[in-house]
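Shown next: run24.cif, given as mmCIF, C-alpha atoms.
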```
data_input
#
loop_
_atom_site.label_atom_id
_atom_site.label_comp_id
_atom_site.auth_asym_id
_atom_site.auth_seq_id
_atom_site.Cartn_x
_atom_site.Cartn_y
_atom_site.Cartn_z
CA MET C 1 -19.92 17.99 -33.48
CA ILE C 2 -20.52 19.06 -29.87
CA THR C 3 -23.05 21.85 -29.54
CA PRO C 4 -22.61 24.76 -27.10
CA ALA C 5 -25.46 23.35 -24.99
CA GLU C 6 -23.70 19.97 -24.77
CA ARG C 7 -20.49 21.70 -23.69
CA ALA C 8 -22.42 23.50 -20.96
CA ASN C 9 -23.92 20.20 -19.80
CA VAL C 10 -20.42 18.77 -19.39
CA LEU C 11 -19.50 21.64 -17.10
CA ILE C 12 -22.73 21.31 -15.14
CA GLU C 13 -22.12 17.58 -14.64
CA ALA C 14 -18.64 18.34 -13.26
CA LEU C 15 -19.83 21.08 -10.87
CA PRO C 16 -20.90 18.90 -7.91
CA TYR C 17 -17.62 16.98 -8.07
CA ILE C 18 -15.62 20.22 -8.17
CA GLN C 19 -17.52 21.37 -5.08
CA LYS C 20 -17.11 18.00 -3.36
CA PHE C 21 -13.37 17.66 -3.92
CA ASN C 22 -12.31 21.30 -3.42
CA GLY C 23 -9.44 21.39 -0.94
CA SER C 24 -8.81 17.63 -1.06
CA THR C 25 -5.58 15.84 -2.00
CA MET C 26 -5.33 13.10 -4.62
CA VAL C 27 -2.31 10.91 -5.36
CA ILE C 28 -1.88 9.88 -9.01
CA LYS C 29 0.50 7.13 -10.06
CA TYR C 30 1.64 8.03 -13.59
CA GLY C 31 2.98 5.24 -15.76
CA GLY C 32 2.43 3.01 -18.76
CA ASN C 33 1.70 4.27 -22.26
CA ALA C 34 0.50 7.60 -20.88
CA MET C 35 4.17 8.38 -20.15
CA ILE C 36 5.34 7.50 -23.67
CA ASN C 37 2.70 8.77 -26.12
CA GLU C 38 3.24 12.49 -26.75
CA GLU C 39 -0.45 13.39 -27.00
CA LEU C 40 -1.27 11.49 -23.81
CA LYS C 41 1.62 13.17 -22.00
CA HIS C 42 0.27 16.58 -22.96
CA ASN C 43 -3.27 15.60 -21.92
CA PHE C 44 -2.00 14.31 -18.57
CA ALA C 45 -0.37 17.66 -17.82
CA LEU C 46 -3.61 19.49 -18.69
CA ASP C 47 -5.63 17.15 -16.46
CA ILE C 48 -3.30 17.83 -13.53
CA LEU C 49 -3.48 21.58 -14.10
CA LEU C 50 -7.27 21.60 -14.23
CA MET C 51 -7.41 19.65 -10.98
CA LYS C 52 -5.13 22.23 -9.37
CA TYR C 53 -7.11 25.18 -10.71
CA VAL C 54 -10.41 23.87 -9.30
CA GLY C 55 -8.95 23.47 -5.82
CA ILE C 56 -7.66 19.88 -5.76
CA ASN C 57 -4.09 19.19 -4.64
CA PRO C 58 -2.63 16.55 -7.00
CA ILE C 59 0.50 14.65 -6.00
CA ILE C 60 2.16 12.64 -8.77
CA VAL C 61 4.26 9.49 -8.34
CA HIS C 62 5.82 8.21 -11.55
CA GLY C 63 7.48 5.08 -12.84
CA GLY C 64 10.07 4.76 -15.59
CA GLY C 65 10.75 1.09 -16.30
CA PRO C 66 10.87 1.35 -20.13
CA GLN C 67 13.21 4.36 -20.00
CA ILE C 68 15.51 2.57 -17.54
CA GLY C 69 15.53 -0.57 -19.66
CA GLU C 70 16.36 1.40 -22.80
CA LEU C 71 19.40 3.10 -21.25
CA LEU C 72 20.68 -0.12 -19.67
CA LYS C 73 20.48 -1.76 -23.08
CA ARG C 74 22.34 1.12 -24.73
CA LEU C 75 25.06 0.87 -22.07
CA ASP C 76 25.21 -2.92 -22.58
CA ILE C 77 24.38 -3.55 -18.91
CA GLU C 78 22.63 -6.87 -18.42
CA THR C 79 19.17 -6.73 -16.86
CA ARG C 80 17.75 -9.63 -14.87
CA PHE C 81 14.28 -9.92 -13.35
CA VAL C 82 12.99 -12.11 -10.54
CA ASP C 83 9.18 -12.40 -10.56
CA GLY C 84 8.93 -9.01 -12.26
CA LEU C 85 11.41 -7.27 -9.94
CA ARG C 86 14.56 -5.82 -11.51
CA VAL C 87 17.66 -7.20 -9.80
CA THR C 88 19.50 -4.01 -8.86
CA ASP C 89 23.24 -3.87 -8.19
CA LYS C 90 25.08 -0.62 -7.40
CA GLU C 91 25.80 0.19 -11.06
CA THR C 92 22.18 -0.43 -12.04
CA MET C 93 20.94 1.65 -9.10
CA ASP C 94 23.05 4.58 -10.30
CA ILE C 95 21.47 4.30 -13.75
CA ILE C 96 17.96 4.01 -12.28
CA GLU C 97 18.43 7.12 -10.16
CA MET C 98 19.89 9.04 -13.08
CA VAL C 99 17.01 8.12 -15.40
CA LEU C 100 14.20 8.61 -12.89
CA MET C 101 15.41 11.88 -11.37
CA GLY C 102 17.56 13.34 -14.14
CA LYS C 103 15.31 12.55 -17.09
CA VAL C 104 11.80 11.26 -16.39
CA ASN C 105 11.04 13.39 -13.34
CA LYS C 106 12.25 16.60 -14.94
CA GLU C 107 10.35 15.91 -18.16
CA ILE C 108 7.10 15.66 -16.18
CA VAL C 109 7.90 18.78 -14.16
CA ASN C 110 8.75 20.71 -17.32
CA LEU C 111 5.61 19.55 -19.12
CA ILE C 112 3.38 20.78 -16.29
CA ASN C 113 5.27 24.04 -15.85
CA LYS C 114 5.32 24.99 -19.53
CA ASN C 115 1.52 24.63 -19.57
CA GLY C 116 1.15 27.10 -16.71
CA GLY C 117 1.59 24.97 -13.61
CA CYS C 118 4.11 25.08 -10.79
CA ALA C 119 5.52 21.58 -10.30
CA VAL C 120 8.50 20.53 -8.18
CA GLY C 121 10.49 17.32 -8.69
CA LEU C 122 11.38 15.13 -5.72
CA SER C 123 12.56 11.67 -4.85
CA GLY C 124 11.91 9.87 -1.60
CA LYS C 125 15.33 11.03 -0.45
CA ASP C 126 14.24 14.69 -0.34
CA GLY C 127 13.13 15.81 3.11
CA GLN C 128 13.42 12.15 4.21
CA LEU C 129 10.11 11.61 2.45
CA ILE C 130 10.63 7.84 2.20
CA ILE C 131 12.68 5.84 4.69
CA ALA C 132 13.39 2.47 3.10
CA ARG C 133 15.25 -0.76 3.73
CA LYS C 134 16.50 -3.60 1.58
CA MET C 135 13.68 -5.91 0.56
CA LYS C 136 13.94 -9.49 1.76
CA TYR C 137 12.48 -11.39 -1.16
CA ILE C 138 11.18 -14.85 -0.27
CA ARG C 139 9.77 -17.13 -2.96
CA PRO C 140 7.53 -20.01 -1.78
CA ARG C 141 8.29 -23.50 -3.12
CA ASN C 142 6.09 -26.58 -3.18
CA ASN C 143 7.09 -29.16 -0.54
CA GLN C 144 10.37 -27.32 0.09
CA PRO C 145 11.54 -24.53 2.35
CA PRO C 146 10.99 -21.08 0.80
CA GLU C 147 13.81 -19.69 -1.34
CA ILE C 148 15.47 -16.47 -0.15
CA ILE C 149 16.64 -14.48 -3.19
CA ASP C 150 18.99 -11.49 -3.09
CA ILE C 151 17.57 -8.95 -5.57
CA GLY C 152 20.03 -6.22 -4.63
CA LEU C 153 19.04 -2.63 -3.96
CA VAL C 154 15.30 -3.11 -4.29
CA GLY C 155 13.65 -1.46 -1.33
CA GLU C 156 10.55 -1.66 0.79
CA ILE C 157 9.10 1.28 2.67
CA VAL C 158 9.67 1.60 6.40
CA LYS C 159 8.13 5.03 6.89
CA VAL C 160 6.74 8.00 4.95
CA ASN C 161 7.35 11.51 6.30
CA PRO C 162 4.81 13.68 4.44
CA GLU C 163 5.80 17.06 5.89
CA ILE C 164 7.57 18.22 2.72
CA LEU C 165 4.47 17.35 0.64
CA GLU C 166 2.18 19.21 3.01
CA THR C 167 4.43 22.28 2.78
CA LEU C 168 4.59 22.19 -1.01
CA THR C 169 0.87 21.67 -1.58
CA ARG C 170 -0.02 24.36 0.95
CA ASP C 171 2.16 26.80 -0.98
CA GLY C 172 0.55 25.95 -4.32
CA PHE C 173 3.17 23.56 -5.77
CA ILE C 174 2.49 20.22 -7.48
CA PRO C 175 4.91 17.55 -6.15
CA VAL C 176 6.24 15.05 -8.72
CA ILE C 177 7.90 12.10 -6.98
CA ALA C 178 10.37 9.51 -8.27
CA PRO C 179 10.09 6.13 -6.46
CA ILE C 180 13.49 6.13 -4.80
CA GLY C 181 14.15 5.98 -1.07
CA ALA C 182 17.07 5.73 1.32
CA ASP C 183 17.74 4.02 4.63
CA GLU C 184 19.12 5.69 7.74
CA GLU C 185 22.68 4.98 6.58
CA GLY C 186 22.06 6.76 3.28
CA ASN C 187 21.88 3.66 1.05
CA THR C 188 19.64 4.24 -1.97
CA TYR C 189 16.86 1.84 -3.02
CA ASN C 190 14.63 1.38 -6.05
CA ILE C 191 10.98 0.99 -4.94
CA ASN C 192 7.86 -0.06 -6.83
CA ALA C 193 6.02 3.10 -7.93
CA ASP C 194 2.54 1.71 -7.17
CA THR C 195 3.68 0.92 -3.64
CA VAL C 196 5.13 4.42 -3.20
CA ALA C 197 1.89 6.01 -4.43
CA GLY C 198 -0.22 3.89 -2.09
CA ARG C 199 1.92 4.53 0.98
CA ILE C 200 2.08 8.27 0.33
CA ALA C 201 -1.70 8.34 -0.15
CA SER C 202 -2.09 6.58 3.20
CA ALA C 203 0.34 8.89 4.99
CA ILE C 204 -1.49 12.03 3.92
CA LYS C 205 -4.98 10.44 4.13
CA ALA C 206 -5.64 11.30 0.48
CA ARG C 207 -9.20 11.58 -0.79
CA LYS C 208 -8.30 9.39 -3.76
CA LEU C 209 -5.50 7.13 -5.01
CA ILE C 210 -5.52 6.87 -8.82
CA LEU C 211 -3.37 4.33 -10.67
CA LEU C 212 -2.93 4.86 -14.42
CA THR C 213 -2.47 1.57 -16.27
CA ASP C 214 -2.52 0.15 -19.78
CA THR C 215 -5.78 -1.73 -19.20
CA LYS C 216 -9.41 -0.60 -18.94
CA GLY C 217 -9.43 -1.45 -15.24
CA VAL C 218 -10.38 -4.65 -13.43
CA LEU C 219 -12.14 -7.13 -15.73
CA ASP C 220 -14.48 -10.00 -14.89
CA LYS C 221 -14.13 -13.53 -16.26
CA ASP C 222 -15.91 -12.45 -19.46
CA GLY C 223 -13.51 -9.57 -20.01
CA LYS C 224 -16.04 -6.90 -19.04
CA LEU C 225 -15.06 -3.90 -16.95
CA ILE C 226 -16.03 -3.98 -13.28
CA SER C 227 -16.89 -0.38 -12.46
CA THR C 228 -17.00 -0.74 -8.66
CA LEU C 229 -15.34 -3.26 -6.32
CA ARG C 230 -15.53 -3.61 -2.57
CA ILE C 231 -12.45 -4.83 -0.73
CA ASP C 232 -14.06 -8.18 0.11
CA GLU C 233 -15.06 -8.68 -3.54
CA ALA C 234 -11.55 -7.82 -4.75
CA LYS C 235 -10.02 -10.38 -2.37
CA ARG C 236 -12.48 -13.03 -3.59
CA LEU C 237 -11.63 -12.30 -7.25
CA ILE C 238 -7.93 -12.73 -6.48
CA SER C 239 -8.64 -16.04 -4.75
CA ASP C 240 -10.71 -17.45 -7.63
CA GLY C 241 -8.21 -16.34 -10.28
CA THR C 242 -10.34 -13.64 -11.94
CA ILE C 243 -7.80 -11.01 -10.92
CA LYS C 244 -4.35 -12.27 -11.87
CA GLY C 245 -0.88 -11.33 -13.06
CA GLY C 246 0.24 -7.72 -12.75
CA MET C 247 -3.21 -6.59 -11.60
CA ILE C 248 -2.82 -8.41 -8.26
CA PRO C 249 -0.15 -6.10 -6.77
CA LYS C 250 -2.12 -3.05 -7.96
CA ILE C 251 -5.28 -4.31 -6.22
CA ARG C 252 -3.33 -5.10 -3.06
CA CYS C 253 -1.81 -1.62 -3.15
CA CYS C 254 -5.32 -0.13 -3.36
CA ILE C 255 -6.64 -2.34 -0.56
CA ASP C 256 -3.75 -1.38 1.71
CA ALA C 257 -4.39 2.31 1.01
CA LEU C 258 -8.11 1.99 1.72
CA GLU C 259 -7.43 0.18 4.97
CA ASN C 260 -5.10 2.99 6.02
CA GLY C 261 -7.20 6.09 5.58
CA VAL C 262 -7.63 6.68 1.83
CA LYS C 263 -11.28 7.28 0.91
CA LYS C 264 -11.37 5.67 -2.52
CA ALA C 265 -8.95 4.05 -5.00
CA HIS C 266 -9.20 3.92 -8.79
CA ILE C 267 -7.51 1.85 -11.49
CA ILE C 268 -8.01 3.56 -14.85
CA ASP C 269 -6.84 3.32 -18.44
CA GLY C 270 -4.14 5.92 -19.03
CA ARG C 271 -4.43 5.33 -22.78
CA GLU C 272 -7.79 7.12 -22.84
CA LYS C 273 -7.73 10.87 -23.40
CA HIS C 274 -8.32 12.82 -20.19
CA ALA C 275 -8.98 9.61 -18.26
CA ILE C 276 -8.28 11.31 -14.92
CA LEU C 277 -10.86 14.04 -15.50
CA LEU C 278 -13.45 11.54 -16.68
CA GLU C 279 -12.95 9.40 -13.58
CA VAL C 280 -12.97 12.26 -11.08
CA PHE C 281 -15.55 14.65 -12.56
CA THR C 282 -18.20 12.44 -14.19
CA LYS C 283 -20.83 10.15 -12.74
CA GLY C 284 -19.93 7.06 -14.76
CA GLY C 285 -16.15 7.31 -14.65
CA VAL C 286 -13.94 5.27 -16.98
CA GLY C 287 -12.20 2.62 -14.88
CA THR C 288 -12.62 0.60 -11.71
CA GLU C 289 -13.20 2.26 -8.37
CA ILE C 290 -12.32 0.27 -5.25
CA VAL C 291 -14.13 1.12 -2.06
CA LYS C 292 -13.92 -0.09 1.52
CA GLU C 293 -17.59 -1.04 1.88
#
```
Write-out of the structure in structure tokens:
Amino acid sequence: MITPAERANVLIEALPYIQKFNGSTMVIKYGGNAMINEELKHNFALDILLMKYVGINPIIVHGGGPQIGELLKRLDIETRFVDGLRVTDKETMDIIEMVLMGKVNKEIVNLINKNGGCAVGLSGKDGQLIIARKMKYIRPRNNQPPEIIDIGLVGEIVKVNPEILETLTRDGFIPVIAPIGADEEGNTYNINADTVAGRIASAIKARKLILLTDTKGVLDKDGKLISTLRIDEAKRLISDGTIKGGMIPKIRCCIDALENGVKKAHIIDGREKHAILLEVFTKGGVGTEIVKE
């Protein structure tokens, strides 16, 4: 049982961080189990609201892979992946946009708003937030020319125009962004949510980029959490195979953000209650922080 004095100590520990981050902007990539478990969804909304109330401007970028996969299965539309990327034809892109903007995005907005916030749902197509182009996917092959694979309407980011985000945050709104962009001809593309979060964080020179995952953070060879990583250390751990699999693109996303103006990046376990608050407002944190030096 937590005593009143212990509760006060928690608030006192958070005070210097509240002072330090007041007026700053943080980009949070929301995904994984935290988007599926009802209790974690509720806790996430409360974390975002508290950040807003103490003077931080949170910007949320969300995924939605499981929800997309579920609807495609129900509609008996075949799904194919190439190295983890969903091959996206026009029919699949329509479903992706419908799920991300019509269902997932609005659920997040509603959850924040019903708890007292003021969230607004966007995609990269709104206000020309994300200018994209078709991704040219090239797979290396041993002793052969690289293979060029057409993965359809999967996009890569050409440019981020953050003006709409600056306007919304200045007026007290919480932007919630679906990872969809369009090219100058109006063609729609599905974009990796981590990449969108990192590029938006860079464009607005965010104080922090926070990626919610289904792991504790970055682990060493013995499976122990690495609490702090410099960019050079992260690159070395990728080279020696300590960082592998799906963690590699997340680390590269963080490195790119740090090299383009973001102060600090974090990879944290979204399965832990109030993980965002623990990472931002306590000395120890709960995941891995990645720093430039």
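Counting only C-alpha atoms and comparing C:Thr188, C:Thr213, C:Asn105, C:Ser202, the residue that lies closest to C:Glu259 is C:Ser202.
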Leaving out stretch 170-172 of chain C and any residue of its chain fewer than 2 positions from it, which residues lie within 9 Å of it when counting all atoms listed in the file, given as a short mmCIF file (atom, residue, chain, number, x, y, z; two decimals) with C-alpha atoms, in the coordinates of the input?
```cif
data_model
loop_
_atom_site.label_atom_id
_atom_site.label_comp_id
_atom_site.auth_asym_id
_atom_site.auth_seq_id
_atom_site.Cartn_x
_atom_site.Cartn_y
_atom_site.Cartn_z
CA LYS C 52 -5.13 22.23 -9.37
CA ASN C 57 -4.09 19.19 -4.64
CA CYS C 118 4.11 25.08 -10.79
CA ALA C 119 5.52 21.58 -10.30
CA LEU C 165 4.47 17.35 0.64
CA GLU C 166 2.18 19.21 3.01
CA THR C 167 4.43 22.28 2.78
CA LEU C 168 4.59 22.19 -1.01
CA ILE C 174 2.49 20.22 -7.48
#
```
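Across the chains present, the PyMOL selection byres ((chain C and resi 258) around 9) applied to this file returns Gly198, Ser202, Leu209, Ile231, Cys253, Cys254, Ile255, Asp256, Ala257, Glu259, Asn260, Gly261, Val262, Lys263, Lys264, Ala265, Ile290, Val291 and Lys292 of chain C.
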### Task
Take the PyMOL selection byres ((chain C and resi 189) around 7), apply it to the structure above, and return the hits as a PyMOL selection string.
chain C and resi 153-155+180-182+187-188+190-191
Could the residues in this selection be written to a file with C-alpha atoms, as a PDB file, keeping the file's coordinate frame?
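Contents of the output file out_20.pdb:
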```
ATOM      1  CA  LEU C 153      19.040  -2.630  -3.960  1.00  0.00           C
ATOM      2  CA  VAL C 154      15.300  -3.110  -4.290  1.00  0.00           C
ATOM      3  CA  GLY C 155      13.650  -1.460  -1.330  1.00  0.00           C
ATOM      4  CA  ILE C 180      13.490   6.130  -4.800  1.00  0.00           C
ATOM      5  CA  GLY C 181      14.150   5.980  -1.070  1.00  0.00           C
ATOM      6  CA  ALA C 182      17.070   5.730   1.320  1.00  0.00           C
ATOM      7  CA  ASN C 187      21.880   3.660   1.050  1.00  0.00           C
ATOM      8  CA  THR C 188      19.640   4.240  -1.970  1.00  0.00           C
ATOM      9  CA  ASN C 190      14.630   1.380  -6.050  1.00  0.00           C
ATOM     10  CA  ILE C 191      10.980   0.990  -4.940  1.00  0.00           C
TER      11      ILE C 191
END
```
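Residue nearest C:Lys224 within the list C:Arg271, C:Ala178, C:Gly287, C:Glu97: C:Gly287 [criterion: smallest interatomic distance, only C-alpha atoms].
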Find the spatial neighbours of C:Lys159, counting only C-alpha atoms, within a cut-off of 12 Å - ignore same-chain residues fewer than 6 positions away - and output them as an mmCIF file with C-alpha atoms, keeping the file's coordinate frame.
```
data_model
loop_
_atom_site.group_PDB
_atom_site.id
_atom_site.type_symbol
_atom_site.label_atom_id
_atom_site.label_comp_id
_atom_site.auth_asym_id
_atom_site.auth_seq_id
_atom_site.Cartn_x
_atom_site.Cartn_y
_atom_site.Cartn_z
ATOM 1 C CA GLY C 124 11.910 9.870 -1.600
ATOM 2 C CA LYS C 125 15.330 11.030 -0.450
ATOM 3 C CA GLN C 128 13.420 12.150 4.210
ATOM 4 C CA LEU C 129 10.110 11.610 2.450
ATOM 5 C CA ILE C 130 10.630 7.840 2.200
ATOM 6 C CA ILE C 131 12.680 5.840 4.690
ATOM 7 C CA ALA C 132 13.390 2.470 3.100
ATOM 8 C CA ARG C 133 15.250 -0.760 3.730
ATOM 9 C CA GLY C 181 14.150 5.980 -1.070
ATOM 10 C CA ALA C 182 17.070 5.730 1.320
ATOM 11 C CA ASP C 183 17.740 4.020 4.630
ATOM 12 C CA GLU C 184 19.120 5.690 7.740
ATOM 13 C CA VAL C 196 5.130 4.420 -3.200
ATOM 14 C CA ARG C 199 1.920 4.530 0.980
ATOM 15 C CA ILE C 200 2.080 8.270 0.330
ATOM 16 C CA SER C 202 -2.090 6.580 3.200
ATOM 17 C CA ALA C 203 0.340 8.890 4.990
#
```
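With distances restricted to only C-alpha atoms, C:Asn43 is the closest residue to C:Leu277 from C:Asn43, C:Pro145, C:Met247, C:Pro16.
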### Query
Got a sec: who's within 12 Å of C:Ala275, counting all atoms listed in the file, leaving out chain neighbours fewer than 3 positions off, as number ranges by chain?
C: 28, 30, 34, 40-41, 43-48, 210-217, 266-272, 278-282, 284-288
### Task
Convert the output of the PyMOL selection byres ((chain C and resi 99-101) around 12) on the shown file into explicit residues, formatted as a VMD selection string.
chain C and resid 61 to 72 92 to 98 102 to 109 120 to 126 176 to 181 190 to 191 193
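Each of C:Thr195, C:Asn142, C:Asn110, C:Thr242 was checked against C:Leu225 using only C-alpha atoms; the smallest atom-to-atom distance is that of C:Thr242.
Distance-wise, atom CA of C:Gln144 and atom CA of C:Arg86 end up 24.8 Å apart.
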